[in-house]
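Notes follow once the structure below has been shown.
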Amino acid sequence: MIETQDPEVRTVSIFDQMTEMEHEQLAFCHDKDTGLKAIIGIHNTVLGPAMGGTRMWHYENEQEAIRDVLRLSRGMTLKNSIAGLNIGGGKAVIIGDARKLKNEALMRRFGRFVHSLGGRYWTAEDVNMTTRDMEYVRMETPYVTGLPDASGDPSPVTAYGVYVGMKATAKKAFGNDSLEGKRVLVQGVGNVGTYLVERLVDEKAKVFVSDIFEDKLKAIADKYNVTVIDPSEVYDFDCDIYAPCALGATLNDESIPKLKCSVVAGGANNQLDDEVKHGRMLIDRNILYAPDFLINSGGITNVYYEQQGNYNRDRVYAQTERIYEVCSEVLNFAEANDITSHESAMRLAVKRINDIGKVKLAY
Ligand code: NAD
């Protein structure tokens, strides 16, 4: 049993959480010498071995890390399915400040834990991870992708998928998919955010950026013609498109009533704090939401082909471009059936898992 922050519910069993979200496995990994505290979440392996990146974050408490890995690994199941990949959903979180704790020994010890799962879980980069970190993991296990001498950093492909998904959503909201002159606010200029900014600037959008680190803002403002916004101003900033590219749950009770945009389309995972309630709140505010796990699936598509051993960059970009079509289909289906866009995308993803699950049962 673990403590929760919710006063209504004093303790929540981990198994109850796994049952509610339908997880297969949670692996708690600890090493005193390196200070490693990691949790690997395997949500669903119907389509294939679980695959999803590793995130390192200074979580406030263990419950927050568990909640994150549960939500993220479930999101990977949906993402991998809707992207048409033959892999299941998994994700790992490492607890701690990456700037202080991350080093070769910690990453290699983590790699040994990944190896101990025997290929049920394959990892790659997520927040605060680099291709160098994946090289350290590779020294201890073959179950890792996103290596510099293979498919490399998945972020440019993720950003491309977000960009085409944003265009598809803009078409539905504004009547055409041109982003020229559109005011786009990118929250978080890390790996994905930076590549997205590059595409938006190329298309002559008016780009605004925000981050919690001054050095990242300075680097991007030195390179591109963008305007820096203070993090405290993000949610009531007047823009056409808000692109969350930092962490999740930024669409919540506090932020949604303030938003002044018509479209939300970004790379962050789990943008909706509560998928049902906040998806509905966005509809009520007439804001079109591009489902995160659909439009940020370019990165996993990139590492998937590396994992399959037949990586081809052109093929990855061609497949990622299909996000435009699928996103349009998802938005239209949501409108026609009066459901949220998130629900619409989820139905598509779950249908594929159910259909292929049955196919795999055939002898
Ligand atoms: P990153 O760590 O490189 O970038 C995240 C950025 O967000 C950092 O610059 C950080 O300083 C900033 N940030 C954190 N909190 C913030 C806040 N409150 N306000 C403004 N900025 C803040 O990570 P990334 O790889 O670019 O991933 C970004 C998001 O996209 C994550 O949610 C990740 O799970 C998701 N994602 C990434 C990939 C990928 O290929 N890297 C693929 C799919 C999804």
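Each chain in the structure tokens gets a letter, A, B, ..., in the order shown, and its residues are numbered from 1; ligands are numbered from 1 in order too.
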
Residues at most 12 Å from Tyr311 in chain A, counting only C-alpha atoms, excluding those fewer than 5 positions away in the same chain, as a PDB file with all heavy atoms, in the first residue's frame?
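Once written, result-v9.pdb looks like this:
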```
ATOM      1  N   THR A 145      16.994   0.722 -27.991  1.00  0.00           N
ATOM      2  CA  THR A 145      17.010   1.333 -29.328  1.00  0.00           C
ATOM      3  C   THR A 145      17.327   2.824 -29.172  1.00  0.00           C
ATOM      4  O   THR A 145      17.525   3.306 -28.061  1.00  0.00           O
ATOM      5  CB  THR A 145      15.645   1.172 -30.017  1.00  0.00           C
ATOM      6  OG1 THR A 145      14.668   1.680 -29.117  1.00  0.00           O
ATOM      7  CG2 THR A 145      15.311  -0.249 -30.364  1.00  0.00           C
ATOM      8  N   GLY A 146      17.336   3.529 -30.304  1.00  0.00           N
ATOM      9  CA  GLY A 146      17.660   4.958 -30.245  1.00  0.00           C
ATOM     10  C   GLY A 146      19.151   5.171 -30.064  1.00  0.00           C
ATOM     11  O   GLY A 146      19.590   6.158 -29.473  1.00  0.00           O
ATOM     12  N   LEU A 147      19.949   4.231 -30.612  1.00  0.00           N
ATOM     13  CA  LEU A 147      21.410   4.331 -30.475  1.00  0.00           C
ATOM     14  C   LEU A 147      21.985   5.234 -31.570  1.00  0.00           C
ATOM     15  O   LEU A 147      21.446   5.279 -32.679  1.00  0.00           O
ATOM     16  CB  LEU A 147      22.022   2.932 -30.555  1.00  0.00           C
ATOM     17  CG  LEU A 147      21.615   2.033 -29.373  1.00  0.00           C
ATOM     18  CD1 LEU A 147      21.762   0.572 -29.715  1.00  0.00           C
ATOM     19  CD2 LEU A 147      22.433   2.389 -28.139  1.00  0.00           C
ATOM     20  N   ASP A 149      24.547   5.010 -33.495  1.00  0.00           N
ATOM     21  CA  ASP A 149      25.021   4.398 -34.739  1.00  0.00           C
ATOM     22  C   ASP A 149      23.905   3.625 -35.456  1.00  0.00           C
ATOM     23  O   ASP A 149      24.143   2.908 -36.414  1.00  0.00           O
ATOM     24  CB  ASP A 149      26.212   3.470 -34.462  1.00  0.00           C
ATOM     25  CG  ASP A 149      25.892   2.425 -33.396  1.00  0.00           C
ATOM     26  OD1 ASP A 149      24.786   2.491 -32.822  1.00  0.00           O
ATOM     27  OD2 ASP A 149      26.740   1.546 -33.150  1.00  0.00           O
ATOM     28  N   ALA A 150      22.658   3.771 -34.969  1.00  0.00           N
ATOM     29  CA  ALA A 150      21.529   3.103 -35.634  1.00  0.00           C
ATOM     30  C   ALA A 150      20.500   4.179 -36.027  1.00  0.00           C
ATOM     31  O   ALA A 150      20.809   5.062 -36.809  1.00  0.00           O
ATOM     32  CB  ALA A 150      20.930   2.062 -34.711  1.00  0.00           C
ATOM     33  N   SER A 151      19.291   4.148 -35.418  1.00  0.00           N
ATOM     34  CA  SER A 151      18.280   5.135 -35.826  1.00  0.00           C
ATOM     35  C   SER A 151      18.541   6.504 -35.196  1.00  0.00           C
ATOM     36  O   SER A 151      18.020   7.518 -35.645  1.00  0.00           O
ATOM     37  CB  SER A 151      16.880   4.642 -35.437  1.00  0.00           C
ATOM     38  OG  SER A 151      16.693   4.675 -34.037  1.00  0.00           O
ATOM     39  N   GLY A 152      19.329   6.533 -34.135  1.00  0.00           N
ATOM     40  CA  GLY A 152      19.705   7.817 -33.511  1.00  0.00           C
ATOM     41  C   GLY A 152      18.581   8.448 -32.720  1.00  0.00           C
ATOM     42  O   GLY A 152      17.616   7.789 -32.332  1.00  0.00           O
ATOM     43  N   THR A 301       7.939   5.136 -33.917  1.00  0.00           N
ATOM     44  CA  THR A 301       8.027   4.517 -35.250  1.00  0.00           C
ATOM     45  C   THR A 301       9.496   4.438 -35.670  1.00  0.00           C
ATOM     46  O   THR A 301       9.964   3.431 -36.211  1.00  0.00           O
ATOM     47  CB  THR A 301       7.208   5.345 -36.273  1.00  0.00           C
ATOM     48  OG1 THR A 301       5.867   5.435 -35.798  1.00  0.00           O
ATOM     49  CG2 THR A 301       7.220   4.719 -37.650  1.00  0.00           C
ATOM     50  N   ASN A 302      10.236   5.499 -35.370  1.00  0.00           N
ATOM     51  CA  ASN A 302      11.665   5.542 -35.704  1.00  0.00           C
ATOM     52  C   ASN A 302      12.438   4.417 -35.015  1.00  0.00           C
ATOM     53  O   ASN A 302      13.171   3.672 -35.653  1.00  0.00           O
ATOM     54  CB  ASN A 302      12.224   6.907 -35.260  1.00  0.00           C
ATOM     55  CG  ASN A 302      13.570   7.210 -35.857  1.00  0.00           C
ATOM     56  OD1 ASN A 302      13.733   7.182 -37.073  1.00  0.00           O
ATOM     57  ND2 ASN A 302      14.538   7.475 -35.009  1.00  0.00           N
ATOM     58  N   VAL A 303      12.228   4.273 -33.702  1.00  0.00           N
ATOM     59  CA  VAL A 303      13.001   3.242 -32.983  1.00  0.00           C
ATOM     60  C   VAL A 303      12.469   1.831 -33.274  1.00  0.00           C
ATOM     61  O   VAL A 303      13.205   0.861 -33.192  1.00  0.00           O
ATOM     62  CB  VAL A 303      13.070   3.501 -31.458  1.00  0.00           C
ATOM     63  CG1 VAL A 303      13.887   4.734 -31.169  1.00  0.00           C
ATOM     64  CG2 VAL A 303      11.712   3.592 -30.819  1.00  0.00           C
ATOM     65  N   TYR A 304      11.197   1.745 -33.640  1.00  0.00           N
ATOM     66  CA  TYR A 304      10.604   0.442 -33.954  1.00  0.00           C
ATOM     67  C   TYR A 304      11.368  -0.240 -35.101  1.00  0.00           C
ATOM     68  O   TYR A 304      11.717  -1.406 -35.033  1.00  0.00           O
ATOM     69  CB  TYR A 304       9.131   0.604 -34.330  1.00  0.00           C
ATOM     70  CG  TYR A 304       8.479  -0.633 -34.887  1.00  0.00           C
ATOM     71  CD1 TYR A 304       8.163  -1.706 -34.068  1.00  0.00           C
ATOM     72  CD2 TYR A 304       8.162  -0.730 -36.246  1.00  0.00           C
ATOM     73  CE1 TYR A 304       7.559  -2.850 -34.574  1.00  0.00           C
ATOM     74  CE2 TYR A 304       7.559  -1.857 -36.762  1.00  0.00           C
ATOM     75  CZ  TYR A 304       7.257  -2.917 -35.930  1.00  0.00           C
ATOM     76  OH  TYR A 304       6.664  -4.045 -36.439  1.00  0.00           O
ATOM     77  N   TYR A 305      11.633   0.532 -36.158  1.00  0.00           N
ATOM     78  CA  TYR A 305      12.312  -0.085 -37.304  1.00  0.00           C
ATOM     79  C   TYR A 305      13.755  -0.452 -36.966  1.00  0.00           C
ATOM     80  O   TYR A 305      14.302  -1.403 -37.522  1.00  0.00           O
ATOM     81  CB  TYR A 305      12.189   0.800 -38.550  1.00  0.00           C
ATOM     82  CG  TYR A 305      10.795   0.683 -39.120  1.00  0.00           C
ATOM     83  CD1 TYR A 305       9.858   1.704 -38.991  1.00  0.00           C
ATOM     84  CD2 TYR A 305      10.400  -0.506 -39.729  1.00  0.00           C
ATOM     85  CE1 TYR A 305       8.568   1.553 -39.463  1.00  0.00           C
ATOM     86  CE2 TYR A 305       9.102  -0.656 -40.213  1.00  0.00           C
ATOM     87  CZ  TYR A 305       8.195   0.370 -40.082  1.00  0.00           C
ATOM     88  OH  TYR A 305       6.926   0.202 -40.541  1.00  0.00           O
ATOM     89  N   GLU A 306      14.339   0.278 -36.039  1.00  0.00           N
ATOM     90  CA  GLU A 306      15.669  -0.107 -35.555  1.00  0.00           C
ATOM     91  C   GLU A 306      15.557  -1.458 -34.820  1.00  0.00           C
ATOM     92  O   GLU A 306      16.356  -2.365 -35.034  1.00  0.00           O
ATOM     93  CB  GLU A 306      16.216   0.967 -34.611  1.00  0.00           C
ATOM     94  CG  GLU A 306      17.552   0.596 -33.996  1.00  0.00           C
ATOM     95  CD  GLU A 306      18.091   1.664 -33.039  1.00  0.00           C
ATOM     96  OE1 GLU A 306      17.678   2.826 -33.152  1.00  0.00           O
ATOM     97  OE2 GLU A 306      18.909   1.315 -32.180  1.00  0.00           O
ATOM     98  N   VAL A 316      10.447   5.581 -42.468  1.00  0.00           N
ATOM     99  CA  VAL A 316       9.964   6.083 -41.177  1.00  0.00           C
ATOM    100  C   VAL A 316       9.236   7.419 -41.375  1.00  0.00           C
ATOM    101  O   VAL A 316       8.135   7.624 -40.846  1.00  0.00           O
ATOM    102  CB  VAL A 316      11.149   6.252 -40.184  1.00  0.00           C
ATOM    103  CG1 VAL A 316      10.725   7.060 -38.979  1.00  0.00           C
ATOM    104  CG2 VAL A 316      11.674   4.892 -39.755  1.00  0.00           C
ATOM    105  N   TYR A 317       9.830   8.313 -42.172  1.00  0.00           N
ATOM    106  CA  TYR A 317       9.176   9.609 -42.392  1.00  0.00           C
ATOM    107  C   TYR A 317       7.868   9.436 -43.172  1.00  0.00           C
ATOM    108  O   TYR A 317       6.880  10.114 -42.889  1.00  0.00           O
ATOM    109  CB  TYR A 317      10.128  10.587 -43.106  1.00  0.00           C
ATOM    110  CG  TYR A 317      10.946  11.385 -42.095  1.00  0.00           C
ATOM    111  CD1 TYR A 317      12.211  10.976 -41.722  1.00  0.00           C
ATOM    112  CD2 TYR A 317      10.421  12.523 -41.475  1.00  0.00           C
ATOM    113  CE1 TYR A 317      12.952  11.674 -40.772  1.00  0.00           C
ATOM    114  CE2 TYR A 317      11.139  13.230 -40.527  1.00  0.00           C
ATOM    115  CZ  TYR A 317      12.406  12.802 -40.175  1.00  0.00           C
ATOM    116  OH  TYR A 317      13.115  13.498 -39.231  1.00  0.00           O
TER     117      TYR A 317
END
```

Non-local contacts of range 282-294 of chain A (7 Å; only C-alpha atoms; under 4 positions in same chain excluded) as a PDB file with C-alpha atoms, in the first residue's frame:
```pdb
ATOM      1  CA  GLY A  75      -0.165   5.571 -23.392  1.00  0.00           C
ATOM      2  CA  LEU A  78      -2.321   3.059 -27.459  1.00  0.00           C
ATOM      3  CA  LYS A  79       0.426   4.894 -29.350  1.00  0.00           C
ATOM      4  CA  ILE A  82      -2.505   3.475 -33.548  1.00  0.00           C
ATOM      5  CA  GLY A 165      -0.757  16.399 -36.763  1.00  0.00           C
ATOM      6  CA  THR A 169      -5.919  19.849 -36.689  1.00  0.00           C
ATOM      7  CA  ALA A 173     -10.197  24.316 -36.927  1.00  0.00           C
ATOM      8  CA  ILE A 256      -8.298  24.925 -19.496  1.00  0.00           C
ATOM      9  CA  CYS A 261      -6.105  29.167 -28.246  1.00  0.00           C
ATOM     10  CA  SER A 262      -8.279  27.300 -30.794  1.00  0.00           C
ATOM     11  CA  VAL A 263      -6.035  24.255 -31.122  1.00  0.00           C
ATOM     12  CA  VAL A 264      -3.913  22.180 -28.759  1.00  0.00           C
ATOM     13  CA  ALA A 265      -1.343  20.059 -30.605  1.00  0.00           C
ATOM     14  CA  GLY A 266       1.965  19.142 -29.007  1.00  0.00           C
ATOM     15  CA  GLY A 267       4.502  16.405 -28.388  1.00  0.00           C
ATOM     16  CA  ALA A 268       4.160  15.871 -24.630  1.00  0.00           C
ATOM     17  CA  ASN A 269       2.738  12.592 -23.386  1.00  0.00           C
ATOM     18  CA  ASN A 270      -0.427  12.496 -21.252  1.00  0.00           C
ATOM     19  CA  GLN A 271      -1.415  16.107 -21.787  1.00  0.00           C
ATOM     20  CA  HIS A 278     -10.581  17.492 -19.526  1.00  0.00           C
ATOM     21  CA  SER A 341     -10.895  13.315 -29.893  1.00  0.00           C
ATOM     22  CA  HIS A 342      -8.960  11.358 -27.260  1.00  0.00           C
ATOM     23  CA  ALA A 345      -8.228   7.859 -31.101  1.00  0.00           C
TER      24      ALA A 345
END
```

Please, which residues in chain A fall within 7 Å of ligand 1 when counting only C-alpha atoms and all ligand atoms, and what is the closest atom pair and distance in Å to one decimal for each, ordered by chain then residue number, as a Markdown table?
```
| residue | atom | partner | partner_atom_place_in_ligand_line | distance |
| --- | --- | --- | --- | --- |
| A:Glu125 | CA | ligand 1 | 41 (N) | 6.3 |
| A:Asp126 | CA | ligand 1 | 25 (O) | 5.0 |
| A:Val127 | CA | ligand 1 | 23 (O) | 3.9 |
| A:Asn128 | CA | ligand 1 | 2 (O) | 4.5 |
| A:Pro154 | CA | ligand 1 | 40 (O) | 4.5 |
| A:Ser155 | CA | ligand 1 | 40 (O) | 3.6 |
| A:Thr158 | CA | ligand 1 | 40 (O) | 4.9 |
| A:Gln187 | CA | ligand 1 | 20 (C) | 5.0 |
| A:Gly188 | CA | ligand 1 | 7 (O) | 3.5 |
| A:Val189 | CA | ligand 1 | 9 (O) | 4.6 |
| A:Gly190 | CA | ligand 1 | 4 (O) | 3.2 |
| A:Asn191 | CA | ligand 1 | 26 (O) | 3.6 |
| A:Val192 | CA | ligand 1 | 26 (O) | 3.8 |
| A:Gly193 | CA | ligand 1 | 26 (O) | 5.6 |
| A:Ser210 | CA | ligand 1 | 20 (C) | 5.3 |
| A:Asp211 | CA | ligand 1 | 21 (N) | 3.4 |
| A:Ile212 | CA | ligand 1 | 21 (N) | 4.8 |
| A:Phe213 | CA | ligand 1 | 11 (O) | 5.2 |
| A:Lys216 | CA | ligand 1 | 9 (O) | 6.2 |
| A:Pro231 | CA | ligand 1 | 19 (N) | 5.5 |
| A:Cys245 | CA | ligand 1 | 29 (C) | 4.7 |
| A:Ala246 | CA | ligand 1 | 7 (O) | 3.6 |
| A:Leu247 | CA | ligand 1 | 32 (O) | 4.3 |
| A:Gly248 | CA | ligand 1 | 32 (O) | 5.7 |
| A:Gly267 | CA | ligand 1 | 30 (O) | 4.5 |
| A:Ala268 | CA | ligand 1 | 32 (O) | 3.3 |
| A:Asn269 | CA | ligand 1 | 32 (O) | 4.3 |
| A:Asn296 | CA | ligand 1 | 43 (C) | 4.9 |
| A:Ser297 | CA | ligand 1 | 43 (C) | 6.1 |
| A:Gly299 | CA | ligand 1 | 40 (O) | 4.4 |
| A:Ile300 | CA | ligand 1 | 42 (C) | 6.7 |
```

Next on the checklist: At a cut-off of 9 Å, using only C-alpha atoms, what residues contact Lys167 in chain A? Leave out same-chain residues fewer than 6 positions from it and give the result as a PyMOL selection string.
Outcome noted: chain A and resi 176-179+324

Output file for the residues above (C-alpha atoms, as a compact mmCIF listing (two decimals), in the first residue's frame):
```txt
# COMPACT_ATOMS: atom_id res chain seq x y z
CA ASN A 176 -6.86 25.25 -44.16
CA ASP A 177 -3.68 23.66 -42.92
CA SER A 178 -1.24 26.49 -43.49
CA LEU A 179 0.56 27.57 -40.35
CA TYR A 324 -2.02 13.72 -40.90
```

Next on the checklist: Residues within 6 Å of range 24-39 of chain A, please, as a ChimeraX atom specification. Count only C-alpha atoms; anything in the same chain fewer than 3 positions from it doesn't count.
Outcome noted: /A:42-43,92-95,106

Take the selection from the previous step and output its residues with all heavy atoms, as a compact mmCIF listing (two decimals), in the first residue's frame.
```txt
# COMPACT_ATOMS: atom_id res chain seq x y z
N ILE A 42 5.07 -2.41 -17.67
CA ILE A 42 4.67 -3.11 -18.90
C ILE A 42 3.15 -3.16 -18.89
O ILE A 42 2.55 -3.79 -18.01
CB ILE A 42 5.27 -4.53 -18.95
CG1 ILE A 42 6.81 -4.41 -19.01
CG2 ILE A 42 4.73 -5.31 -20.15
CD1 ILE A 42 7.54 -5.74 -19.08
N HIS A 43 2.55 -2.47 -19.84
CA HIS A 43 1.08 -2.38 -19.83
C HIS A 43 0.42 -3.51 -20.58
O HIS A 43 -0.45 -4.19 -20.04
CB HIS A 43 0.64 -1.02 -20.41
CG HIS A 43 -0.84 -0.89 -20.45
ND1 HIS A 43 -1.56 -1.01 -21.62
CD2 HIS A 43 -1.75 -0.69 -19.48
CE1 HIS A 43 -2.85 -0.87 -21.35
NE2 HIS A 43 -2.99 -0.67 -20.07
N ALA A 92 9.66 3.31 -18.78
CA ALA A 92 10.41 3.24 -17.52
C ALA A 92 10.62 4.65 -16.98
O ALA A 92 10.75 5.60 -17.76
CB ALA A 92 11.76 2.58 -17.77
N VAL A 93 10.62 4.78 -15.66
CA VAL A 93 10.99 6.06 -15.05
C VAL A 93 12.15 5.81 -14.08
O VAL A 93 12.18 4.80 -13.39
CB VAL A 93 9.82 6.76 -14.31
CG1 VAL A 93 8.69 7.09 -15.26
CG2 VAL A 93 9.28 5.93 -13.15
N ILE A 94 13.09 6.74 -14.10
CA ILE A 94 14.17 6.73 -13.11
C ILE A 94 13.94 7.94 -12.22
O ILE A 94 13.72 9.06 -12.71
CB ILE A 94 15.56 6.81 -13.79
CG1 ILE A 94 15.77 5.62 -14.73
CG2 ILE A 94 16.66 6.88 -12.74
CD1 ILE A 94 17.09 5.64 -15.50
N ILE A 95 13.93 7.71 -10.91
CA ILE A 95 13.62 8.78 -9.97
C ILE A 95 14.90 9.52 -9.60
O ILE A 95 15.89 8.91 -9.18
CB ILE A 95 12.95 8.20 -8.70
CG1 ILE A 95 11.66 7.46 -9.07
CG2 ILE A 95 12.67 9.31 -7.68
CD1 ILE A 95 11.02 6.67 -7.94
N LEU A 106 25.07 4.44 -13.28
CA LEU A 106 23.62 4.38 -13.05
C LEU A 106 22.90 3.86 -14.29
O LEU A 106 22.03 2.98 -14.20
CB LEU A 106 23.10 5.78 -12.67
CG LEU A 106 21.60 5.83 -12.39
CD1 LEU A 106 21.32 6.36 -10.98
CD2 LEU A 106 20.88 6.71 -13.41
```
